[in-house]
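For reference, upload_11.csv is printed below; it contains CSV, C-alpha atoms.
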chain,number,residue,atom,x,y,z
A,1,MET,CA,-259.9,-102.6,-36.1
A,2,PHE,CA,-258.2,-100.3,-38.6
A,3,ASN,CA,-256.5,-102.0,-41.5
A,4,PRO,CA,-254.7,-100.0,-44.1
A,5,LEU,CA,-255.1,-101.0,-47.7
A,6,GLU,CA,-252.3,-102.9,-49.3
A,7,PHE,CA,-251.1,-102.1,-52.8
A,8,HIS,CA,-249.3,-104.4,-55.2
A,9,TRP,CA,-248.2,-104.0,-58.8
A,10,ALA,CA,-248.2,-106.4,-61.7
A,11,LEU,CA,-244.7,-107.2,-63.0
A,12,PRO,CA,-244.5,-106.3,-66.7
A,13,LEU,CA,-243.3,-109.6,-68.2
A,14,GLU,CA,-244.7,-108.6,-71.6
A,15,ALA,CA,-242.6,-106.4,-73.8
A,16,ALA,CA,-243.2,-102.7,-73.6
A,17,LYS,CA,-245.5,-101.3,-76.4
A,18,LYS,CA,-246.2,-97.8,-77.6
A,19,ASN,CA,-249.9,-98.7,-77.8
A,20,GLU,CA,-251.9,-101.2,-75.7
A,21,ALA,CA,-254.4,-101.7,-78.6
A,22,GLN,CA,-251.7,-103.3,-80.7
A,23,ALA,CA,-250.8,-107.0,-81.0
A,24,ASP,CA,-248.6,-108.5,-78.4
A,25,HIS,CA,-246.0,-111.0,-79.8
A,26,SER,CA,-243.7,-111.0,-76.8
A,27,GLY,CA,-242.4,-114.0,-75.0
A,28,GLY,CA,-238.7,-113.1,-74.5
A,29,ILE,CA,-237.2,-111.6,-71.4
A,30,ASP,CA,-236.1,-108.0,-71.2
A,31,LEU,CA,-234.0,-108.6,-68.1
A,32,GLU,CA,-232.6,-105.0,-68.0
A,33,ALA,CA,-236.1,-103.5,-68.0
A,34,LEU,CA,-237.3,-106.0,-65.4
A,35,LEU,CA,-234.4,-105.3,-63.1
A,36,GLU,CA,-235.0,-101.6,-63.4
A,37,PHE,CA,-238.7,-102.1,-62.5
A,38,VAL,CA,-238.1,-104.3,-59.4
A,39,SER,CA,-235.4,-102.0,-58.1
A,40,CYS,CA,-237.7,-99.0,-58.4
A,41,ALA,CA,-240.6,-100.9,-56.7
A,42,ASP,CA,-238.2,-101.9,-53.9
A,43,LYS,CA,-237.9,-98.2,-53.0
A,44,LEU,CA,-241.6,-97.4,-53.2
A,45,GLN,CA,-244.5,-98.3,-50.9
A,46,ILE,CA,-245.5,-101.3,-53.0
A,47,GLU,CA,-246.1,-104.5,-50.9
A,48,SER,CA,-245.3,-107.0,-53.6
A,49,LEU,CA,-245.0,-107.6,-57.4
A,50,LEU,CA,-247.3,-110.0,-59.1
A,51,THR,CA,-245.5,-112.4,-61.5
A,52,PRO,CA,-248.2,-113.5,-64.0
A,53,PHE,CA,-248.5,-116.9,-65.6
A,54,GLY,CA,-249.3,-118.0,-69.1
A,55,PHE,CA,-248.0,-119.9,-72.1
A,56,HIS,CA,-247.1,-116.6,-73.8
A,57,MET,CA,-244.6,-115.4,-71.1
A,58,PRO,CA,-241.6,-116.7,-69.2
A,59,ASP,CA,-241.9,-119.1,-66.3
A,60,PRO,CA,-242.3,-117.0,-63.2
A,61,VAL,CA,-240.7,-119.5,-60.8
A,62,ALA,CA,-237.4,-119.5,-62.6
A,63,LEU,CA,-237.5,-115.7,-63.0
A,64,LEU,CA,-238.1,-114.9,-59.4
A,65,GLY,CA,-234.8,-116.2,-58.2
A,66,ARG,CA,-233.0,-113.8,-60.5
A,67,LEU,CA,-235.1,-110.7,-59.8
A,68,SER,CA,-235.2,-111.1,-56.1
A,69,ALA,CA,-231.5,-110.8,-55.8
A,70,HIS,CA,-231.8,-107.1,-56.8
A,71,THR,CA,-234.3,-106.3,-54.0
A,72,GLU,CA,-234.2,-105.9,-50.3
A,73,ARG,CA,-237.8,-105.1,-49.2
A,74,VAL,CA,-240.5,-105.7,-51.8
A,75,GLY,CA,-242.2,-109.0,-51.9
A,76,PHE,CA,-243.2,-111.2,-54.9
A,77,MET,CA,-246.6,-112.6,-55.5
A,78,LEU,CA,-246.1,-115.8,-57.5
A,79,ALA,CA,-249.0,-116.7,-59.8
A,80,TYR,CA,-249.3,-120.4,-60.3
A,81,ARG,CA,-251.8,-122.8,-61.7
A,82,SER,CA,-252.6,-125.6,-59.3
A,83,GLY,CA,-252.4,-129.0,-61.0
A,84,LEU,CA,-249.4,-128.5,-63.2
A,85,MET,CA,-247.0,-130.1,-60.7
A,86,SER,CA,-247.5,-132.2,-57.6
A,87,PRO,CA,-248.3,-130.2,-54.5
A,88,THR,CA,-245.3,-131.7,-52.7
A,89,LEU,CA,-242.9,-130.5,-55.4
A,90,PHE,CA,-244.6,-127.1,-55.5
A,91,VAL,CA,-244.2,-126.6,-51.7
A,92,GLN,CA,-240.5,-127.6,-52.0
A,93,GLN,CA,-240.0,-125.0,-54.7
A,94,VAL,CA,-241.8,-122.3,-52.7
A,95,ASN,CA,-239.9,-123.1,-49.6
A,96,THR,CA,-236.6,-122.9,-51.5
A,97,LEU,CA,-237.5,-119.5,-52.9
A,98,SER,CA,-238.4,-118.3,-49.3
A,99,HIS,CA,-234.8,-119.0,-48.3
A,100,LEU,CA,-233.5,-117.0,-51.2
A,101,PHE,CA,-235.3,-113.8,-50.3
A,102,ASN,CA,-236.2,-114.2,-46.6
A,103,GLY,CA,-239.8,-115.3,-47.1
A,104,ARG,CA,-240.8,-112.3,-49.2
A,105,ILE,CA,-243.2,-114.5,-51.3
A,106,SER,CA,-246.9,-114.9,-51.5
A,107,LEU,CA,-249.0,-117.1,-53.9
A,108,ASN,CA,-251.7,-116.2,-56.3
A,109,ILE,CA,-253.4,-119.6,-57.1
A,110,ILE,CA,-255.1,-119.5,-60.4
A,111,CYS,CA,-257.1,-122.3,-62.0
A,112,GLY,CA,-256.8,-121.4,-65.7
A,113,PHE,CA,-258.9,-119.3,-68.0
A,114,SER,CA,-259.2,-121.5,-71.1
A,115,PRO,CA,-259.6,-125.2,-71.8
A,116,VAL,CA,-257.5,-124.6,-74.9
A,117,GLU,CA,-254.5,-123.3,-73.0
A,118,GLN,CA,-255.0,-125.8,-70.2
A,119,ALA,CA,-254.7,-128.6,-72.8
A,120,TYR,CA,-251.2,-127.2,-73.7
A,121,TYR,CA,-250.2,-128.4,-70.3
A,122,GLY,CA,-252.1,-131.7,-70.5
A,123,ASP,CA,-254.9,-130.6,-68.3
A,124,PHE,CA,-258.5,-131.5,-69.4
A,125,LEU,CA,-260.6,-130.8,-66.4
A,126,SER,CA,-263.7,-128.6,-66.5
A,127,HIS,CA,-263.9,-125.2,-64.9
A,128,ASP,CA,-265.5,-126.3,-61.6
A,129,GLU,CA,-263.3,-129.5,-61.5
A,130,ARG,CA,-260.2,-127.3,-61.6
A,131,PHE,CA,-261.4,-125.3,-58.6
A,132,GLU,CA,-262.3,-128.5,-56.8
A,133,ARG,CA,-258.7,-129.8,-57.5
A,134,ALA,CA,-257.3,-126.5,-56.3
A,135,GLY,CA,-259.0,-127.0,-52.9
A,136,GLU,CA,-257.3,-130.4,-52.5
A,137,TYR,CA,-254.0,-128.9,-53.7
A,138,LEU,CA,-254.1,-126.1,-51.1
A,139,GLU,CA,-255.2,-128.4,-48.4
A,140,ILE,CA,-252.1,-130.6,-49.0
A,141,CYS,CA,-249.8,-127.5,-49.3
A,142,SER,CA,-251.2,-126.1,-46.0
A,143,THR,CA,-250.6,-129.4,-44.2
A,144,LEU,CA,-247.1,-129.7,-45.5
A,145,TRP,CA,-246.3,-126.1,-44.3
A,146,ASN,CA,-247.9,-126.4,-40.9
A,147,THR,CA,-247.1,-129.9,-39.7
A,148,THR,CA,-243.9,-131.9,-39.2
A,149,ASN,CA,-245.5,-135.4,-39.5
A,150,PRO,CA,-245.4,-137.3,-42.7
A,151,LEU,CA,-248.6,-136.7,-44.8
A,152,SER,CA,-250.7,-139.4,-46.4
A,153,TYR,CA,-253.6,-138.1,-48.4
A,154,ALA,CA,-256.4,-139.8,-50.4
A,155,GLY,CA,-258.5,-137.4,-52.4
A,156,LYS,CA,-260.3,-137.4,-55.7
A,157,HIS,CA,-257.4,-135.6,-57.5
A,158,TYR,CA,-254.4,-136.4,-55.3
A,159,GLN,CA,-253.0,-139.4,-53.5
A,160,LEU,CA,-249.8,-139.1,-51.3
A,161,LYS,CA,-248.1,-141.5,-49.0
A,162,ASP,CA,-245.9,-140.3,-46.1
A,163,ALA,CA,-245.0,-137.0,-47.9
A,164,GLN,CA,-242.4,-134.9,-46.1
A,165,LEU,CA,-239.9,-132.2,-46.8
A,166,ASN,CA,-236.7,-131.2,-45.0
A,167,THR,CA,-236.6,-127.7,-46.5
A,168,LYS,CA,-239.1,-125.6,-44.6
A,169,PHE,CA,-240.7,-122.3,-45.4
A,170,THR,CA,-238.8,-119.4,-43.8
A,171,SER,CA,-239.8,-115.8,-43.0
A,172,LEU,CA,-238.4,-112.9,-41.1
A,173,ARG,CA,-241.9,-112.5,-39.5
A,174,SER,CA,-242.1,-114.4,-36.3
A,175,GLY,CA,-244.5,-117.4,-36.3
A,176,VAL,CA,-245.1,-117.4,-40.1
A,177,ARG,CA,-244.9,-120.9,-41.5
A,178,GLN,CA,-246.4,-120.5,-44.9
A,179,PRO,CA,-246.8,-117.8,-47.6
A,180,LYS,CA,-250.0,-115.8,-47.8
A,181,ILE,CA,-252.5,-117.4,-50.3
A,182,TYR,CA,-254.6,-115.5,-52.8
A,183,LEU,CA,-257.0,-117.4,-54.9
A,184,SER,CA,-258.3,-115.8,-58.2
A,185,GLY,CA,-261.6,-115.9,-59.9
A,186,ASN,CA,-265.0,-114.1,-60.2
A,187,SER,CA,-267.2,-117.2,-60.0
A,188,LYS,CA,-269.1,-118.5,-57.0
A,189,ILE,CA,-266.9,-121.6,-56.7
A,190,ALA,CA,-263.8,-119.4,-56.8
A,191,ASN,CA,-265.2,-117.4,-53.9
A,192,HIS,CA,-266.1,-120.6,-52.0
A,193,THR,CA,-262.7,-122.2,-52.6
A,194,ALA,CA,-260.9,-118.9,-51.5
A,195,SER,CA,-263.1,-118.8,-48.4
A,196,GLN,CA,-261.9,-122.3,-47.4
A,197,HIS,CA,-258.3,-122.3,-48.4
A,198,ALA,CA,-257.0,-118.7,-48.9
A,199,GLN,CA,-256.5,-115.5,-47.0
A,200,CYS,CA,-257.7,-113.2,-49.9
A,201,TRP,CA,-260.1,-113.6,-52.8
A,202,LEU,CA,-258.6,-112.0,-55.8
A,203,ARG,CA,-260.9,-111.0,-58.6
A,204,TYR,CA,-261.3,-108.5,-61.5
A,205,GLY,CA,-262.8,-105.1,-61.0
A,206,ASP,CA,-266.3,-103.8,-61.2
A,207,THR,CA,-268.1,-100.9,-59.7
A,208,PRO,CA,-267.9,-100.6,-55.9
A,209,GLU,CA,-271.6,-101.2,-55.6
A,210,LYS,CA,-271.4,-104.5,-57.4
A,211,ILE,CA,-268.3,-105.6,-55.5
A,212,ALA,CA,-270.1,-105.0,-52.2
A,213,ALA,CA,-273.2,-106.8,-53.4
A,214,SER,CA,-271.3,-109.9,-54.7
A,215,HIS,CA,-269.3,-110.0,-51.5
A,216,SER,CA,-272.3,-109.9,-49.3
A,217,SER,CA,-274.2,-112.5,-51.4
A,218,SER,CA,-271.4,-115.0,-51.4
A,219,ALA,CA,-270.9,-114.8,-47.7
A,220,GLN,CA,-274.7,-115.3,-47.1
A,221,THR,CA,-274.8,-118.3,-49.5
A,222,ASP,CA,-271.8,-120.1,-48.0
A,223,HIS,CA,-272.7,-119.1,-44.4
A,224,GLN,CA,-269.0,-118.2,-43.9
A,225,PRO,CA,-267.2,-115.0,-42.7
A,226,ARG,CA,-266.5,-112.6,-45.5
A,227,ILE,CA,-263.0,-113.2,-46.9
A,228,PRO,CA,-260.9,-110.1,-47.7
A,229,ILE,CA,-261.2,-109.0,-51.4
A,230,GLY,CA,-258.3,-108.1,-53.6
A,231,LEU,CA,-258.9,-106.3,-57.0
A,232,ARG,CA,-256.8,-106.7,-60.1
A,233,MET,CA,-257.2,-103.4,-62.0
A,234,SER,CA,-255.3,-100.7,-63.8
A,235,VAL,CA,-254.9,-97.1,-63.0
A,236,ILE,CA,-254.4,-93.9,-65.1
A,237,THR,CA,-254.0,-90.8,-63.0
A,238,ARG,CA,-252.7,-87.3,-63.7
A,239,GLN,CA,-252.9,-83.9,-62.0
A,240,THR,CA,-256.2,-83.2,-63.6
A,241,ARG,CA,-259.2,-85.2,-64.8
A,242,GLU,CA,-258.7,-83.9,-68.3
A,243,GLU,CA,-255.1,-85.0,-68.5
A,244,SER,CA,-255.9,-88.4,-67.2
A,245,ILE,CA,-258.7,-88.9,-69.8
A,246,GLU,CA,-256.3,-87.8,-72.6
A,247,ALA,CA,-253.8,-90.3,-71.3
A,248,ALA,CA,-256.4,-93.1,-71.3
A,249,PHE,CA,-257.5,-92.4,-74.8
A,250,ARG,CA,-253.8,-92.4,-76.0
A,251,VAL,CA,-253.6,-96.0,-74.6
A,252,VAL,CA,-255.9,-97.2,-77.4
A,253,GLU,CA,-255.4,-94.8,-80.2
A,254,ASN,CA,-254.9,-96.3,-83.7
A,255,PRO,CA,-256.1,-99.7,-82.6
A,256,ASP,CA,-255.2,-103.0,-84.3
A,257,LEU,CA,-258.7,-104.4,-85.2
A,258,LYS,CA,-257.3,-107.8,-86.0
A,259,TRP,CA,-255.8,-108.0,-82.5
A,260,LYS,CA,-259.2,-107.0,-81.1
A,261,GLU,CA,-260.8,-109.8,-83.1
A,262,PHE,CA,-258.2,-112.2,-81.8
A,263,ILE,CA,-258.9,-111.2,-78.2
A,264,GLN,CA,-262.7,-111.7,-78.9
A,265,THR,CA,-261.8,-115.3,-80.0
A,266,VAL,CA,-259.9,-115.9,-76.8
A,267,VAL,CA,-262.8,-114.7,-74.7
A,268,ASP,CA,-265.2,-116.9,-76.7
A,269,LYS,CA,-263.1,-120.0,-76.0
A,270,SER,CA,-262.6,-119.1,-72.4
A,271,ASP,CA,-264.5,-120.7,-69.5
A,272,SER,CA,-263.4,-118.1,-67.0
A,273,VAL,CA,-266.2,-116.2,-65.3
A,274,ALA,CA,-263.8,-113.4,-64.6
A,275,ILE,CA,-262.8,-112.9,-68.2
A,276,LYS,CA,-266.2,-113.3,-69.7
A,277,SER,CA,-268.0,-111.1,-67.1
A,278,THR,CA,-265.5,-108.2,-67.4
A,279,TYR,CA,-265.5,-108.4,-71.2
A,280,GLU,CA,-269.3,-108.3,-71.2
A,281,LEU,CA,-269.2,-105.4,-68.8
A,282,ALA,CA,-267.1,-103.4,-71.3
A,283,GLN,CA,-269.4,-104.4,-74.2
A,284,LYS,CA,-272.6,-103.3,-72.5
A,285,THR,CA,-271.6,-99.7,-71.9
A,286,ASN,CA,-272.0,-97.3,-74.7
A,287,SER,CA,-269.5,-94.7,-73.5
A,288,GLU,CA,-266.7,-97.0,-72.2
A,289,TRP,CA,-267.4,-95.5,-68.8
A,290,LEU,CA,-269.0,-97.6,-66.0
A,291,GLY,CA,-268.8,-94.6,-63.7
A,292,PRO,CA,-267.2,-91.2,-63.5
A,293,ASN,CA,-263.8,-92.8,-63.0
A,294,LEU,CA,-264.1,-96.4,-64.1
A,295,TRP,CA,-263.0,-96.8,-67.8
A,296,SER,CA,-263.4,-100.0,-69.8
A,297,GLY,CA,-261.9,-98.7,-73.1
A,298,ALA,CA,-258.8,-100.9,-73.0
A,299,VAL,CA,-260.6,-104.1,-71.9
A,300,PRO,CA,-261.3,-105.3,-75.5
A,301,TYR,CA,-257.6,-105.2,-76.3
A,302,ARG,CA,-256.0,-106.2,-73.0
A,303,GLY,CA,-258.6,-108.2,-71.1
A,304,GLY,CA,-260.1,-107.9,-67.6
A,305,PRO,CA,-257.0,-106.4,-65.8
A,306,ALA,CA,-257.3,-103.4,-68.1
A,307,LEU,CA,-260.5,-102.1,-66.4
A,308,ALA,CA,-259.0,-98.9,-65.1
A,309,LEU,CA,-259.5,-96.2,-62.5
A,310,VAL,CA,-259.1,-92.9,-64.4
A,311,GLY,CA,-259.0,-89.5,-62.9
A,312,SER,CA,-257.1,-86.8,-61.0
A,313,PHE,CA,-255.0,-87.8,-58.0
A,314,ASP,CA,-257.8,-86.8,-55.7
A,315,GLU,CA,-260.5,-88.5,-57.7
A,316,VAL,CA,-258.7,-91.8,-57.9
A,317,ALA,CA,-257.8,-91.7,-54.1
A,318,LYS,CA,-261.5,-91.2,-53.3
A,319,GLU,CA,-262.6,-94.0,-55.6
A,320,ILE,CA,-260.1,-96.3,-53.9
A,321,MET,CA,-261.6,-95.5,-50.6
A,322,ARG,CA,-265.1,-96.3,-52.0
A,323,TYR,CA,-263.8,-99.7,-52.8
A,324,LYS,CA,-262.4,-100.1,-49.3
A,325,PHE,CA,-265.8,-99.5,-47.9
A,326,ALA,CA,-267.2,-102.1,-50.3
A,327,GLY,CA,-265.0,-104.7,-48.7
A,328,VAL,CA,-261.8,-104.4,-50.8
A,329,SER,CA,-258.6,-104.7,-48.7
A,330,GLU,CA,-255.9,-105.0,-51.5
A,331,PHE,CA,-255.2,-103.8,-55.0
A,332,ILE,CA,-253.0,-105.3,-57.7
A,333,LEU,CA,-252.5,-102.5,-60.1
A,334,SER,CA,-250.9,-101.8,-63.5
A,335,GLY,CA,-250.8,-98.9,-65.8
A,336,TRP,CA,-249.5,-97.3,-69.0
A,337,PRO,CA,-246.5,-96.9,-69.1
A,338,THR,CA,-246.5,-99.1,-66.1
A,339,LEU,CA,-243.2,-97.9,-64.4
A,340,ALA,CA,-244.1,-94.3,-64.7
A,341,GLU,CA,-247.7,-95.0,-63.6
A,342,MET,CA,-246.4,-96.9,-60.5
A,343,GLN,CA,-244.1,-94.0,-59.6
A,344,GLY,CA,-246.8,-91.4,-60.1
A,345,PHE,CA,-249.3,-93.4,-58.1
A,346,CYS,CA,-247.0,-93.9,-55.1
A,347,LYS,CA,-246.0,-90.2,-55.2
A,348,ASN,CA,-249.4,-88.6,-55.8
A,349,VAL,CA,-252.2,-91.0,-55.0
A,350,LEU,CA,-251.0,-93.2,-52.2
A,351,PRO,CA,-250.3,-90.3,-49.7
A,352,ARG,CA,-253.9,-89.1,-50.3
A,353,VAL,CA,-255.2,-92.6,-49.6
A,354,ARG,CA,-253.2,-92.7,-46.4
A,355,ALA,CA,-254.5,-89.3,-45.3
A,356,MET,CA,-258.1,-90.5,-45.8
A,357,GLU,CA,-257.4,-93.7,-44.0
A,358,GLN,CA,-256.0,-91.7,-41.1
A,359,LEU,CA,-259.1,-89.6,-41.0
A,360,GLU,CA,-261.2,-92.8,-41.2
A,361,SER,CA,-259.3,-94.2,-38.2
A,362,SER,CA,-259.8,-91.0,-36.2
A,363,ILE,CA,-263.5,-90.8,-36.9
A,364,TYR,CA,-264.2,-94.4,-36.1
A,365,SER,CA,-262.1,-94.2,-32.9
A,366,SER,CA,-264.2,-91.3,-31.8
A,367,GLY,CA,-267.5,-93.1,-32.6
A,368,VAL,CA,-268.7,-90.4,-34.9
A,369,GLY,CA,-269.4,-92.4,-38.1
A,370,ASN,CA,-267.5,-92.5,-41.3
A,371,TRP,CA,-265.2,-90.2,-43.2
A,372,GLN,CA,-267.3,-89.9,-46.4
A,373,GLY,CA,-268.5,-86.4,-47.1
A,374,VAL,CA,-265.8,-84.9,-44.9
A,375,SER,CA,-263.8,-82.2,-46.8
A,376,LEU,CA,-260.1,-83.1,-46.9
A,377,GLY,CA,-258.9,-79.7,-48.1

When written as structure tokens, how does the structure in this file appear?
Amino acid sequence: MFNPLEFHWALPLEAAKKNEAQADHSGGIDLEALLEFVSCADKLQIESLLTPFGFHMPDPVALLGRLSAHTERVGFMLAYRSGLMSPTLFVQQVNTLSHLFNGRISLNIICGFSPVEQAYYGDFLSHDERFERAGEYLEICSTLWNTTNPLSYAGKHYQLKDAQLNTKFTSLRSGVRQPKIYLSGNSKIANHTASQHAQCWLRYGDTPEKIAASHSSSAQTDHQPRIPIGLRMSVITRQTREESIEAAFRVVENPDLKWKEFIQTVVDKSDSVAIKSTYELAQKTNSEWLGPNLWSGAVPYRGGPALALVGSFDEVAKEIMRYKFAGVSEFILSGWPTLAEMQGFCKNVLPRVRAMEQLESSIYSSGVGNWQGVSLG
């Protein structure tokens, strides 16, 4: 069955900066810039906008109600850390949001990247315990969404008695009773939890070969069907390869070395496999390039999501298709400057991807083989 790739974009809650290698002391809300961004995304072929979560940025739940009023089509992917509120209250909030913008909401469930930050919120569980708790959390949420009977639950982390909600999830899509669930993390337990409770495993990027290998290995270990993969990455694409590389290097010119040291400290204190593995990936390469079009130069300053596809429009489109054949079905992208990058991607790269997907569909329908190696002109 032919399934086109889905493309999402990260909502830029952090303040705009001239240089991504400089310190970030944001925390406020540039509402005018955010409204401009969501209004633009609403007119493009972007499925949804990811609202990130962290102590250093505004609360995404409160922000969504305001931003959604300025859109008609684009969805919102709400990032939320399971365990910070009761699952019943969380479902109630999500259901309420679904009524405000016709069910255009999905969930990116995250389990925290740092014991230090988790402690800010009164959470002292270990890495694996947080994913274990997320499994219970999502089991409860799913039951509340999909049944009408009162729910009693006795787990290790949650106990409920006769839980019920009158405000149900609503969607314009027939038969949809709950939001789509993404679960984030690069660890084996993240993959296992996603396979049991989510519709997409969201992780940081790597080479297509390593993505394919990890996907296959996880499926064989858990003896479960392969769950669709979503990649959180960045993209820098221009008309030519030379222009895109110049743009990438401008992103980190005149770096703030104290900020780089601070990020290193954050990574050292993190217990996230995603953060540590992507950071180590960037450190191990001598040239900042993990492949002809995979650049890690911004990772030491901006973290795992800064691993970027860099190249001409044609090169980036072809790399995206390589990821598709490695098992990736969705991308959550960002760029620098992110609004212009989103516009450029949708205008110049996305049509090329769709053309290759159309060729892929035609070739598979004819039983010939696959599209790779075919000249697209």

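Across the model, the gap from atom CA of A:Ser152 to atom CA of A:Ile181 is 22.4 Å.
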
Seminar exercise, completed: From the list A:Leu50, A:Val266, A:Leu5, A:Val61, the nearest residue to A:Glu357 using only C-alpha atoms is A:Leu5

For this session: Quick one: residues within 9 Å of (-253.7, -96.9, -71.4) (file frame), counting all atoms listed in the file, please, as a VMD selection string.
Result: chain A and resid 19 to 21 234 to 236 247 to 252 297 to 298 306 308 335 to 337

For this session: Tell me which protein, DNA and RNA residues are within 6 Å of stretch 33-43 of chain A, counting only C-alpha atoms, leaving out same-chain ones fewer than 3 positions away, and put them as a ChimeraX atom specification.
Result: /A:30,71,73-74

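Atom CA of A:Tyr182 to atom CA of A:His8 spans 12.5 Å [interatomic distance, one decimal].
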
Problem set entry | Neighbour list for A:Leu309 as a list in words, cut-off 10 Å, only C-alpha atoms, skip fewer than 2 positions in-chain |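 The residues satisfying every condition are Gly205, Met233, Ser234, Val235, Ile236, Thr237, Ser244, Ala248, Gly291, Pro292, Asn293, Leu294, Trp295, Ser296, Ala306, Leu307, Gly311, Ser312, Glu315, Val316, Ala317, Glu319, Ile320, Leu333 and Gly335 of chain A.
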
Problem set entry | Point-to-point distance in Å for atom CA of A:Val267 and atom CA of A:Phe76 |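 Here the two named atoms are 28.1 Å from each other.
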
Exercise. So which one's closest to A:Gly83, A:Ser106, A:Thr240, A:Ser334, A:Gln118? Using only C-alpha atoms, please.
Worked result: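 Going through A:Ser106, A:Thr240, A:Ser334, A:Gln118 one by one, the smallest distance to A:Gly83 is for A:Gln118.
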
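Take the candidates A:Gln159, A:Ser365, A:Asn108, A:Thr88 and check each one against A:Ala198 using all atoms listed in the file; the shortest distance goes to A:Asn108.
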
Problem set entry | Among listed residues A:Phe169, A:Trp259, A:Phe331, A:Trp201, nearest A:Arg104 (using only C-alpha atoms) | A:Phe169

Exercise. With distances taken over only C-alpha atoms, which of A:Trp9, A:Phe2, A:Phe131, A:Phe101 is nearest to A:Arg66?
Worked result: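 Among the listed residues, the smallest separation from A:Arg66 belongs to A:Phe101.
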
For this session: Write out as a PyMOL selection string each polymer residue whose atoms come within 10 Å of A:Gly230, counting only C-alpha atoms; drop sequence neighbours fewer than 4 positions from it.
Result: chain A and resi 5-8+182-184+200-205+324+327-332

Exercise. Contacts of A:Lys161 at 12 Å or less, counting only C-alpha atoms, minus same-chain residues fewer than 2 places along, as JSON, numbers by chain?
Worked result: {"A": [88, 140, 149, 150, 151, 152, 153, 154, 155, 158, 159, 163, 164]}

For this session: Please identify all polymer residues lying at most 12 Å from the point (-241.2, -128.4, -54.6) (file coordinates), using all atoms listed in the file, and present the result as a PyMOL selection string.
Result: chain A and resi 61+84-98+141+144-145+163-169

Exercise. With all atoms listed in the file as the basis for distance, which of A:Ile46, A:Val353, A:Leu78, A:Leu67 is at the shortest distance from A:Phe313?
Worked result: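 Residue with the minimum atom-to-atom distance to A:Phe313: A:Val353.
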